[in-house]
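Have a look at final29.cif; it's mmCIF, C-alpha atoms:
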```cif
data_upload
loop_
_atom_site.group_PDB
_atom_site.id
_atom_site.type_symbol
_atom_site.label_atom_id
_atom_site.label_comp_id
_atom_site.auth_asym_id
_atom_site.auth_seq_id
_atom_site.Cartn_x
_atom_site.Cartn_y
_atom_site.Cartn_z
ATOM 1 C CA MET A 1056 0.000 0.000 0.000
ATOM 2 C CA PRO A 1057 1.420 3.444 -0.914
ATOM 3 C CA VAL A 1058 2.521 5.811 1.822
ATOM 4 C CA GLN A 1059 -0.358 8.095 2.801
ATOM 5 C CA LEU A 1060 0.638 11.758 2.934
ATOM 6 C CA PRO A 1061 -1.695 14.391 4.402
ATOM 7 C CA PRO A 1062 -2.954 17.064 1.982
ATOM 8 C CA VAL A 1063 -0.793 20.163 1.609
ATOM 9 C CA PRO A 1064 -2.660 23.027 3.351
ATOM 10 C CA ALA A 1065 -2.884 26.554 1.965
ATOM 11 C CA ASP A 1066 -0.936 28.113 4.831
ATOM 12 C CA VAL A 1067 2.343 26.183 4.777
ATOM 13 C CA PRO A 1068 5.058 28.252 6.518
ATOM 14 C CA THR A 1069 7.888 29.282 4.183
ATOM 15 C CA ILE A 1070 11.218 30.122 5.801
ATOM 16 C CA LEU A 1071 13.367 32.555 3.804
ATOM 17 C CA GLU A 1072 17.132 32.501 3.935
ATOM 18 C CA THR A 1073 20.119 33.781 1.983
ATOM 19 C CA SER A 1074 23.495 32.200 1.514
ATOM 20 C CA PHE A 1075 24.777 34.619 4.157
ATOM 21 C CA SER A 1076 22.064 34.157 6.782
ATOM 22 C CA HIS A 1077 22.346 31.944 9.827
ATOM 23 C CA HIS A 1078 20.160 28.864 9.663
ATOM 24 C CA TYR A 1079 18.153 28.614 12.868
ATOM 25 C CA GLY A 1080 16.114 25.604 11.846
ATOM 26 C CA PRO A 1081 12.334 25.148 11.598
ATOM 27 C CA GLU A 1082 11.823 24.913 15.349
ATOM 28 C CA HIS A 1083 13.057 28.506 15.675
ATOM 29 C CA HIS A 1084 10.104 29.537 13.484
ATOM 30 C CA GLY A 1085 7.581 27.498 15.458
ATOM 31 C CA VAL A 1086 7.358 24.647 12.949
ATOM 32 C CA ASP A 1087 6.614 21.143 14.262
ATOM 33 C CA ILE A 1088 8.334 19.012 11.620
ATOM 34 C CA ASP A 1089 6.598 15.846 12.832
ATOM 35 C CA ALA A 1090 3.119 17.293 12.302
ATOM 36 C CA GLN A 1091 3.417 20.084 9.699
ATOM 37 C CA TRP A 1092 4.283 20.620 6.091
ATOM 38 C CA TRP A 1093 7.002 23.256 5.827
ATOM 39 C CA CYS A 1094 9.215 24.884 3.228
ATOM 40 C CA VAL A 1095 12.566 26.639 3.258
ATOM 41 C CA ALA A 1096 13.749 28.820 0.345
ATOM 42 C CA ASN A 1097 17.364 29.988 0.137
ATOM 43 C CA ARG A 1098 18.473 32.770 -2.196
ATOM 44 C CA ARG A 1099 21.855 32.132 -3.818
ATOM 45 C CA PRO A 1100 23.158 35.482 -5.145
ATOM 46 C CA ARG A 1101 26.262 33.863 -6.589
ATOM 47 C CA PHE A 1102 24.126 31.768 -8.942
ATOM 48 C CA GLY A 1103 21.290 34.246 -9.462
ATOM 49 C CA ASP A 1104 18.747 31.721 -8.276
ATOM 50 C CA ALA A 1105 16.987 30.263 -5.253
ATOM 51 C CA ILE A 1106 16.692 26.698 -4.030
ATOM 52 C CA ALA A 1107 13.562 25.584 -2.190
ATOM 53 C CA PHE A 1108 12.872 22.444 -0.167
ATOM 54 C CA VAL A 1109 9.372 21.214 0.729
ATOM 55 C CA HIS A 1110 9.143 18.800 3.649
ATOM 56 C CA SER A 1111 6.189 16.598 4.481
ATOM 57 C CA PRO A 1112 5.227 15.845 8.101
ATOM 58 C CA GLY A 1113 7.555 13.271 9.616
ATOM 59 C CA SER A 1114 10.142 13.415 6.836
ATOM 60 C CA GLY A 1115 12.790 14.899 9.120
ATOM 61 C CA LEU A 1116 15.299 17.636 8.381
ATOM 62 C CA HIS A 1117 17.192 16.008 5.542
ATOM 63 C CA GLN A 1118 14.639 14.226 3.354
ATOM 64 C CA PRO A 1119 12.464 16.834 1.580
ATOM 65 C CA LEU A 1120 9.766 15.718 -0.811
ATOM 66 C CA VAL A 1121 10.678 18.370 -3.409
ATOM 67 C CA GLN A 1122 13.846 20.295 -4.196
ATOM 68 C CA LEU A 1123 13.361 23.091 -6.726
ATOM 69 C CA ILE A 1124 15.824 25.551 -8.263
ATOM 70 C CA LEU A 1125 14.538 28.577 -10.204
ATOM 71 C CA GLY A 1126 15.848 32.035 -10.996
ATOM 72 C CA ALA A 1127 15.549 34.676 -8.257
ATOM 73 C CA ASP A 1128 16.951 38.209 -8.074
ATOM 74 C CA ASP A 1129 15.682 39.127 -4.601
ATOM 75 C CA LEU A 1130 13.949 37.737 -1.533
ATOM 76 C CA ASP A 1131 10.469 38.285 -2.979
ATOM 77 C CA GLU A 1132 11.341 36.045 -5.907
ATOM 78 C CA THR A 1133 13.033 33.621 -3.524
ATOM 79 C CA GLU A 1134 9.762 33.341 -1.627
ATOM 80 C CA ALA A 1135 7.945 32.826 -4.911
ATOM 81 C CA VAL A 1136 10.279 29.896 -5.675
ATOM 82 C CA GLY A 1137 9.266 28.389 -2.339
ATOM 83 C CA HIS A 1138 5.600 28.779 -3.108
ATOM 84 C CA TYR A 1139 6.003 27.283 -6.570
ATOM 85 C CA ALA A 1140 7.689 24.281 -4.968
ATOM 86 C CA LEU A 1141 4.633 23.996 -2.704
ATOM 87 C CA ARG A 1142 2.332 24.113 -5.729
ATOM 88 C CA ILE A 1143 4.274 21.158 -7.135
ATOM 89 C CA ALA A 1144 4.158 19.323 -3.806
ATOM 90 C CA THR A 1145 0.360 19.650 -3.577
ATOM 91 C CA PRO A 1146 -0.606 17.261 -6.435
ATOM 92 C CA LEU A 1147 2.551 15.248 -5.784
ATOM 93 C CA ALA A 1148 1.324 14.321 -2.298
ATOM 94 C CA ARG A 1149 -2.011 13.200 -3.739
ATOM 95 C CA LEU A 1150 -0.287 11.144 -6.413
ATOM 96 C CA ILE A 1151 1.939 9.389 -3.889
ATOM 97 C CA SER A 1152 -1.080 8.420 -1.784
ATOM 98 C CA ASN A 1153 -3.070 7.379 -4.858
ATOM 99 C CA PRO A 1154 -1.016 6.288 -7.903
ATOM 100 C CA ASP A 1155 -4.207 6.314 -10.004
ATOM 101 C CA ASP A 1156 -4.934 10.010 -9.415
ATOM 102 C CA THR A 1157 -4.809 11.158 -13.041
ATOM 103 C CA GLU A 1158 -5.913 14.697 -12.155
ATOM 104 C CA ALA A 1159 -2.867 15.115 -9.922
ATOM 105 C CA LEU A 1160 -0.619 13.856 -12.704
ATOM 106 C CA ASP A 1161 -2.213 16.274 -15.161
ATOM 107 C CA GLU A 1162 -1.610 19.158 -12.723
ATOM 108 C CA LEU A 1163 2.053 18.207 -12.466
ATOM 109 C CA HIS A 1164 2.399 18.103 -16.238
ATOM 110 C CA VAL A 1165 1.106 21.683 -16.371
ATOM 111 C CA LEU A 1166 3.299 22.864 -13.468
ATOM 112 C CA LEU A 1167 6.379 21.332 -15.100
ATOM 113 C CA GLY A 1168 5.355 21.927 -18.719
ATOM 114 C CA SER A 1169 6.926 24.139 -21.362
ATOM 115 C CA GLY A 1170 4.713 27.094 -20.411
ATOM 116 C CA SER A 1171 5.811 26.943 -16.772
ATOM 117 C CA PRO A 1172 8.777 28.558 -14.982
ATOM 118 C CA MET A 1173 10.713 25.379 -15.785
ATOM 119 C CA GLY A 1174 11.223 26.899 -19.241
ATOM 120 C CA SER A 1175 13.685 25.024 -21.460
ATOM 121 C CA SER A 1176 14.222 22.481 -18.670
ATOM 122 C CA SER A 1177 10.629 21.268 -18.915
ATOM 123 C CA SER A 1178 11.378 18.008 -20.735
ATOM 124 C CA ALA A 1179 14.085 17.099 -18.242
ATOM 125 C CA ALA A 1180 11.755 17.890 -15.335
ATOM 126 C CA LEU A 1181 8.959 15.710 -16.709
ATOM 127 C CA GLN A 1182 11.414 12.852 -17.270
ATOM 128 C CA GLU A 1183 12.687 13.314 -13.711
ATOM 129 C CA LEU A 1184 9.094 13.000 -12.480
ATOM 130 C CA ALA A 1185 8.493 9.843 -14.538
ATOM 131 C CA ASP A 1186 11.689 8.227 -13.211
ATOM 132 C CA TRP A 1187 10.939 9.276 -9.638
ATOM 133 C CA LEU A 1188 7.352 8.059 -9.320
ATOM 134 C CA PRO A 1189 8.004 4.267 -9.218
ATOM 135 C CA HIS A 1190 10.531 4.731 -6.401
ATOM 136 C CA ALA A 1191 8.109 6.934 -4.461
ATOM 137 C CA HIS A 1192 5.300 4.412 -4.797
ATOM 138 C CA ARG A 1193 7.546 1.636 -3.475
ATOM 139 C CA ALA A 1194 8.477 3.614 -0.343
ATOM 140 C CA ALA A 1195 7.492 1.894 2.886
ATOM 141 C CA THR A 1196 7.617 5.004 5.072
ATOM 142 C CA VAL A 1197 7.630 8.784 4.657
ATOM 143 C CA GLU A 1198 11.392 8.806 5.265
ATOM 144 C CA ASP A 1199 11.866 6.367 2.368
ATOM 145 C CA ILE A 1200 10.281 8.656 -0.228
ATOM 146 C CA PRO A 1201 13.116 9.995 -2.386
ATOM 147 C CA THR A 1202 13.484 13.708 -3.082
ATOM 148 C CA LEU A 1203 12.174 14.895 -6.444
ATOM 149 C CA GLN A 1204 14.985 17.174 -7.639
ATOM 150 C CA LEU A 1205 13.969 19.799 -10.196
ATOM 151 C CA ALA A 1206 15.859 22.698 -11.765
ATOM 152 C CA GLY A 1207 14.273 25.212 -14.141
ATOM 153 C CA SER A 1208 15.599 28.011 -16.297
ATOM 154 C CA GLY A 1209 12.791 30.506 -15.636
ATOM 155 C CA PHE A 1210 11.511 32.677 -12.799
ATOM 156 C CA PRO A 1211 8.445 32.021 -10.612
ATOM 157 C CA ALA A 1212 5.250 34.031 -10.593
ATOM 158 C CA GLU A 1213 4.980 37.062 -8.296
ATOM 159 C CA LEU A 1214 2.922 36.658 -5.101
ATOM 160 C CA TRP A 1215 1.179 39.425 -3.129
ATOM 161 C CA THR A 1216 0.144 39.428 0.505
ATOM 162 C CA VAL A 1217 -3.376 40.535 1.438
ATOM 163 C CA SER A 1218 -1.949 43.915 2.457
ATOM 164 C CA MET A 1219 -0.334 44.339 -0.958
ATOM 165 C CA VAL A 1220 -3.603 43.394 -2.661
ATOM 166 C CA ALA A 1221 -5.441 45.942 -0.513
ATOM 167 C CA ARG A 1222 -3.045 48.718 -1.536
ATOM 168 C CA PHE A 1223 -3.323 47.747 -5.207
ATOM 169 C CA LEU A 1224 -7.133 47.865 -5.033
ATOM 170 C CA GLY A 1225 -7.100 51.199 -3.218
ATOM 171 C CA PHE A 1226 -8.513 49.994 0.106
ATOM 172 C CA THR A 1227 -7.423 52.060 3.106
ATOM 173 C CA GLY A 1228 -8.038 52.203 6.847
ATOM 174 C CA ASP A 1229 -8.426 49.507 9.452
ATOM 175 C CA SER A 1230 -10.776 47.460 7.275
ATOM 176 C CA ALA A 1231 -8.494 47.466 4.204
ATOM 177 C CA ASN A 1232 -7.300 43.874 4.546
ATOM 178 C CA GLY A 1233 -10.816 42.636 5.299
ATOM 179 C CA SER A 1234 -12.143 44.381 2.191
ATOM 180 C CA ALA A 1235 -9.349 42.847 0.122
ATOM 181 C CA ARG A 1236 -10.147 39.363 1.423
ATOM 182 C CA LYS A 1237 -13.827 39.789 0.542
ATOM 183 C CA GLN A 1238 -12.926 40.895 -2.976
ATOM 184 C CA LEU A 1239 -10.534 37.978 -3.421
ATOM 185 C CA SER A 1240 -13.283 35.627 -2.263
ATOM 186 C CA ARG A 1241 -15.790 37.140 -4.707
ATOM 187 C CA TRP A 1242 -13.288 36.605 -7.492
ATOM 188 C CA GLY A 1243 -12.767 32.997 -6.411
ATOM 189 C CA LEU A 1244 -9.005 33.452 -6.011
ATOM 190 C CA GLU A 1245 -7.348 30.992 -3.646
ATOM 191 C CA SER A 1246 -4.268 31.569 -1.522
ATOM 192 C CA ARG A 1247 -0.999 30.372 -3.074
ATOM 193 C CA GLY A 1248 0.814 30.287 0.256
ATOM 194 C CA ARG A 1249 1.411 32.085 3.482
ATOM 195 C CA GLU A 1250 4.149 34.150 5.098
ATOM 196 C CA PRO A 1251 5.970 32.379 7.955
ATOM 197 C CA GLY A 1252 5.018 33.020 11.566
ATOM 198 C CA ARG A 1253 1.697 33.112 13.376
ATOM 199 C CA ARG A 1254 0.928 36.583 12.022
ATOM 200 C CA GLY A 1255 1.967 35.785 8.473
ATOM 201 C CA GLU A 1256 -0.467 36.850 5.753
ATOM 202 C CA SER A 1257 -1.935 34.706 3.002
ATOM 203 C CA GLN A 1258 -0.454 35.323 -0.441
ATOM 204 C CA TYR A 1259 -2.091 35.446 -3.857
ATOM 205 C CA SER A 1260 -0.964 35.387 -7.476
ATOM 206 C CA ALA A 1261 -0.268 38.977 -8.528
ATOM 207 C CA ASP A 1262 -1.049 38.119 -12.157
ATOM 208 C CA GLU A 1263 -4.457 36.705 -11.202
ATOM 209 C CA VAL A 1264 -5.293 39.776 -9.105
ATOM 210 C CA ARG A 1265 -4.263 42.126 -11.930
ATOM 211 C CA ALA A 1266 -6.325 40.163 -14.457
ATOM 212 C CA LYS A 1267 -9.453 40.112 -12.279
ATOM 213 C CA HIS A 1268 -9.100 43.817 -11.507
ATOM 214 C CA ALA A 1269 -8.685 44.690 -15.192
ATOM 215 C CA ALA A 1270 -11.850 42.730 -16.019
ATOM 216 C CA ARG A 1271 -14.025 44.503 -13.427
ATOM 217 C CA PRO A 1272 -17.038 46.364 -14.829
ATOM 218 C CA GLY A 1273 -16.593 50.143 -15.053
ATOM 219 C CA ARG A 1274 -18.414 52.439 -12.676
ATOM 220 C CA GLY A 1275 -19.847 54.675 -15.401
ATOM 221 C CA ARG A 1276 -22.879 54.138 -17.618
ATOM 222 C CA HIS A 1277 -24.638 51.910 -15.072
ATOM 223 C CA GLY A 1278 -21.952 49.263 -14.889
ATOM 224 C CA ALA A 1279 -21.230 48.939 -18.594
ATOM 225 C CA THR A 1280 -17.787 47.499 -19.244
ATOM 226 C CA ARG A 1281 -15.009 49.413 -20.964
ATOM 227 C CA ASP A 1282 -14.001 48.359 -24.471
ATOM 228 C CA GLY A 1283 -10.928 50.131 -25.850
ATOM 229 C CA GLY A 1284 -11.487 53.059 -23.500
ATOM 230 C CA ARG A 1285 -15.190 53.387 -24.345
ATOM 231 C CA PHE A 1286 -18.166 52.016 -22.505
ATOM 232 C CA ALA A 1287 -19.862 49.080 -24.200
ATOM 233 C CA GLU A 1288 -23.594 48.782 -23.859
ATOM 234 C CA PRO A 1289 -24.722 46.039 -21.423
ATOM 235 C CA GLN A 1290 -26.204 42.972 -23.080
ATOM 236 C CA ASN A 1291 -29.852 42.195 -22.373
ATOM 237 C CA SER A 1292 -30.358 38.880 -20.695
#
```
Would you mind writing the file's structure down as structure tokens?
Amino acid sequence: MPVQLPPVPADVPTILETSFSHHYGPEHHGVDIDAQWWCVANRRPRFGDAIAFVHSPGSGLHQPLVQLILGADDLDETEAVGHYALRIATPLARLISNPDDTEALDELHVLLGSGSPMGSSSSAALQELADWLPHAHRAATVEDIPTLQLAGSGFPAELWTVSMVARFLGFTGDSANGSARKQLSRWGLESRGREPGRRGESQYSADEVRAKHAARPGRGRHGATRDGGRFAEPQNS
């Protein structure tokens, strides 16, 4: 029977480091490695990239489920590498628990495909996945699951905290974050991760927020949408 991994939650703590920072370990950040998913992302200025490790509960300190290398010019992009590694880990955990989960496999093919941050390394990444899966399915314990090692040539998508979304949408005052959360919920946008720490904020795809905001109906002409700078007449239902 395949190893059963718990689902990856939306608020996995991501620990950010640089090649020059002191590594305090997950316990310093309040992470219980026996009970929680967790991620660490390390910026490597010398290489112009970041390396992220996603650990499943009970895997210990040295046996991550996913290791991902992508381009990163700053800590924001380093964090985005961590969250992209978590996006990969999410269907991966389902596929390990259920080898017949074709939806999870399809998700991984998109996440590692030619249109993804893997870029020109997409074919190698997909082959790495195909070679890795049989070993993962034969694992007897969580500690026996090998690390899926991936390296891409692109950069990850930008992520915004709720506060950043609120500023972008023009919400101000004490209720700004609450208003932003309500708008994100109305748009059906799900969190892509969470800042580390108990007070860390949920994070959302900046591209998705921009796209939803650009598609909002205009406020003039009774809600008619803008088309090329002009208001288009609403369609009768």
Taking 5 positions as the minimum chain separation for residues in the same chain, which residues sit within 9 Å of Leu1130 of chain A when counting only C-alpha atoms? Answer as a PDB file with C-alpha atoms, in the coordinates of the input.
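Listed below is the output, result-v9.pdb:
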```pdb
ATOM      1  CA  LEU A1071      13.367  32.555   3.804  1.00  0.00           C
ATOM      2  CA  GLU A1072      17.132  32.501   3.935  1.00  0.00           C
ATOM      3  CA  THR A1073      20.119  33.781   1.983  1.00  0.00           C
ATOM      4  CA  ASN A1097      17.364  29.988   0.137  1.00  0.00           C
ATOM      5  CA  ARG A1098      18.473  32.770  -2.196  1.00  0.00           C
ATOM      6  CA  ALA A1105      16.987  30.263  -5.253  1.00  0.00           C
ATOM      7  CA  ALA A1135       7.945  32.826  -4.911  1.00  0.00           C
TER       8      ALA A1135
END
```
Would you translate the PyMOL selection byres ((chain A and resi 1148) around 12) into the concrete set of residues it matches in this file, as a PyMOL selection string?
chain A and resi 1057-1064+1092+1109-1112+1120-1121+1141-1147+1149-1154+1156+1159-1160+1162-1163+1188+1191-1192+1197+1200+1203
Could you check the closest approach to His1138 of chain A for each of A:Ser1257, A:Thr1227, A:Ser1076, A:Ser1240 and tell me which residue wins, using all atoms listed in the file?
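Smallest separation from His1138 of chain A among the options: A:Ser1257.
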Give me the result of the PyMOL selection byres ((chain A and resi 1210-1216) around 6) on this file, residue by residue, as a VMD selection string.
chain A and resid 1125 to 1126 1135 to 1136 1172 1209 1217 to 1219 1256 to 1261
Pairwise distance for atom CA of Ala1090 of chain A and atom CA of Val1067 of chain A, rounded to one decimal in Å:
11.7 Å
Under the rule that all atoms listed in the file are counted, which of A:Ala1140, A:Ala1096, A:Leu1224, A:Leu1116 is the nearest residue to Glu1198 of chain A?
A:Leu1116
List the neighbours of Gln1122 of chain A out to 6 Å using all atoms listed in the file; skip same-chain residues closer than 5 positions along the sequence, and give me the result as number ranges by chain.
A: 1107-1108, 1204
Have a look at atom CA of Gly1137 of chain A and atom CA of Ala1206 of chain A and let me know their distance in Å, one decimal.
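The value is 12.8 Å.
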Coordinates-based distance that separates atom CA of Met1173 of chain A from atom CA of Glu1245 of chain A (Å, one decimal):
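Answer for the atom CA of Glu1245 of chain A to atom CA of Met1173 of chain A separation: 22.5 Å.
Proximity ranking of A:Leu1167, A:Ala1231, A:Val1220, A:Ile1070 relative to Val1095 of chain A places A:Ile1070 first, based on only C-alpha atoms.
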Need the shell around Gln1238 of chain A: protein/DNA/RNA residues with any atom at most 10 Å away, counting all atoms listed in the file. Skip same-chain ones fewer than 4 positions apart. Format as an NGL selection string?
:A and (1220-1221 or 1224 or 1232-1234 or 1242-1244 or 1264 or 1267-1268)
Check which residues satisfy the PyMOL selection byres ((chain A and resi 1081) around 10) in the file shown, then give them as a ChimeraX atom specification.
/A:1068-1070,1078-1080,1082-1088,1093-1095,1116
Using the file's own x, y and z axes, what box holds all listed atoms of segment 1161-1180 of chain A with 6 Å on each side, keeping edges along x, y and z, and what are its centre and edge lengths in Å to one decimal, as AutoDock Vina command-line options?
```
--center_x 6.0 --center_y 22.4 --center_z -17.0 --size_x 28.4 --size_y 24.3 --size_z 21.0
```
Export segment 1222-1240 of chain A from the structure block above, keeping C-alpha atoms, as a short mmCIF file (atom, residue, chain, number, x, y, z; two decimals), in the first residue's frame.
```cif
data_model
loop_
_atom_site.label_atom_id
_atom_site.label_comp_id
_atom_site.auth_asym_id
_atom_site.auth_seq_id
_atom_site.Cartn_x
_atom_site.Cartn_y
_atom_site.Cartn_z
CA ARG A 1222 -3.05 48.72 -1.54
CA PHE A 1223 -3.32 47.75 -5.21
CA LEU A 1224 -7.13 47.87 -5.03
CA GLY A 1225 -7.10 51.20 -3.22
CA PHE A 1226 -8.51 49.99 0.11
CA THR A 1227 -7.42 52.06 3.11
CA GLY A 1228 -8.04 52.20 6.85
CA ASP A 1229 -8.43 49.51 9.45
CA SER A 1230 -10.78 47.46 7.28
CA ALA A 1231 -8.49 47.47 4.20
CA ASN A 1232 -7.30 43.87 4.55
CA GLY A 1233 -10.82 42.64 5.30
CA SER A 1234 -12.14 44.38 2.19
CA ALA A 1235 -9.35 42.85 0.12
CA ARG A 1236 -10.15 39.36 1.42
CA LYS A 1237 -13.83 39.79 0.54
CA GLN A 1238 -12.93 40.90 -2.98
CA LEU A 1239 -10.53 37.98 -3.42
CA SER A 1240 -13.28 35.63 -2.26
#
```
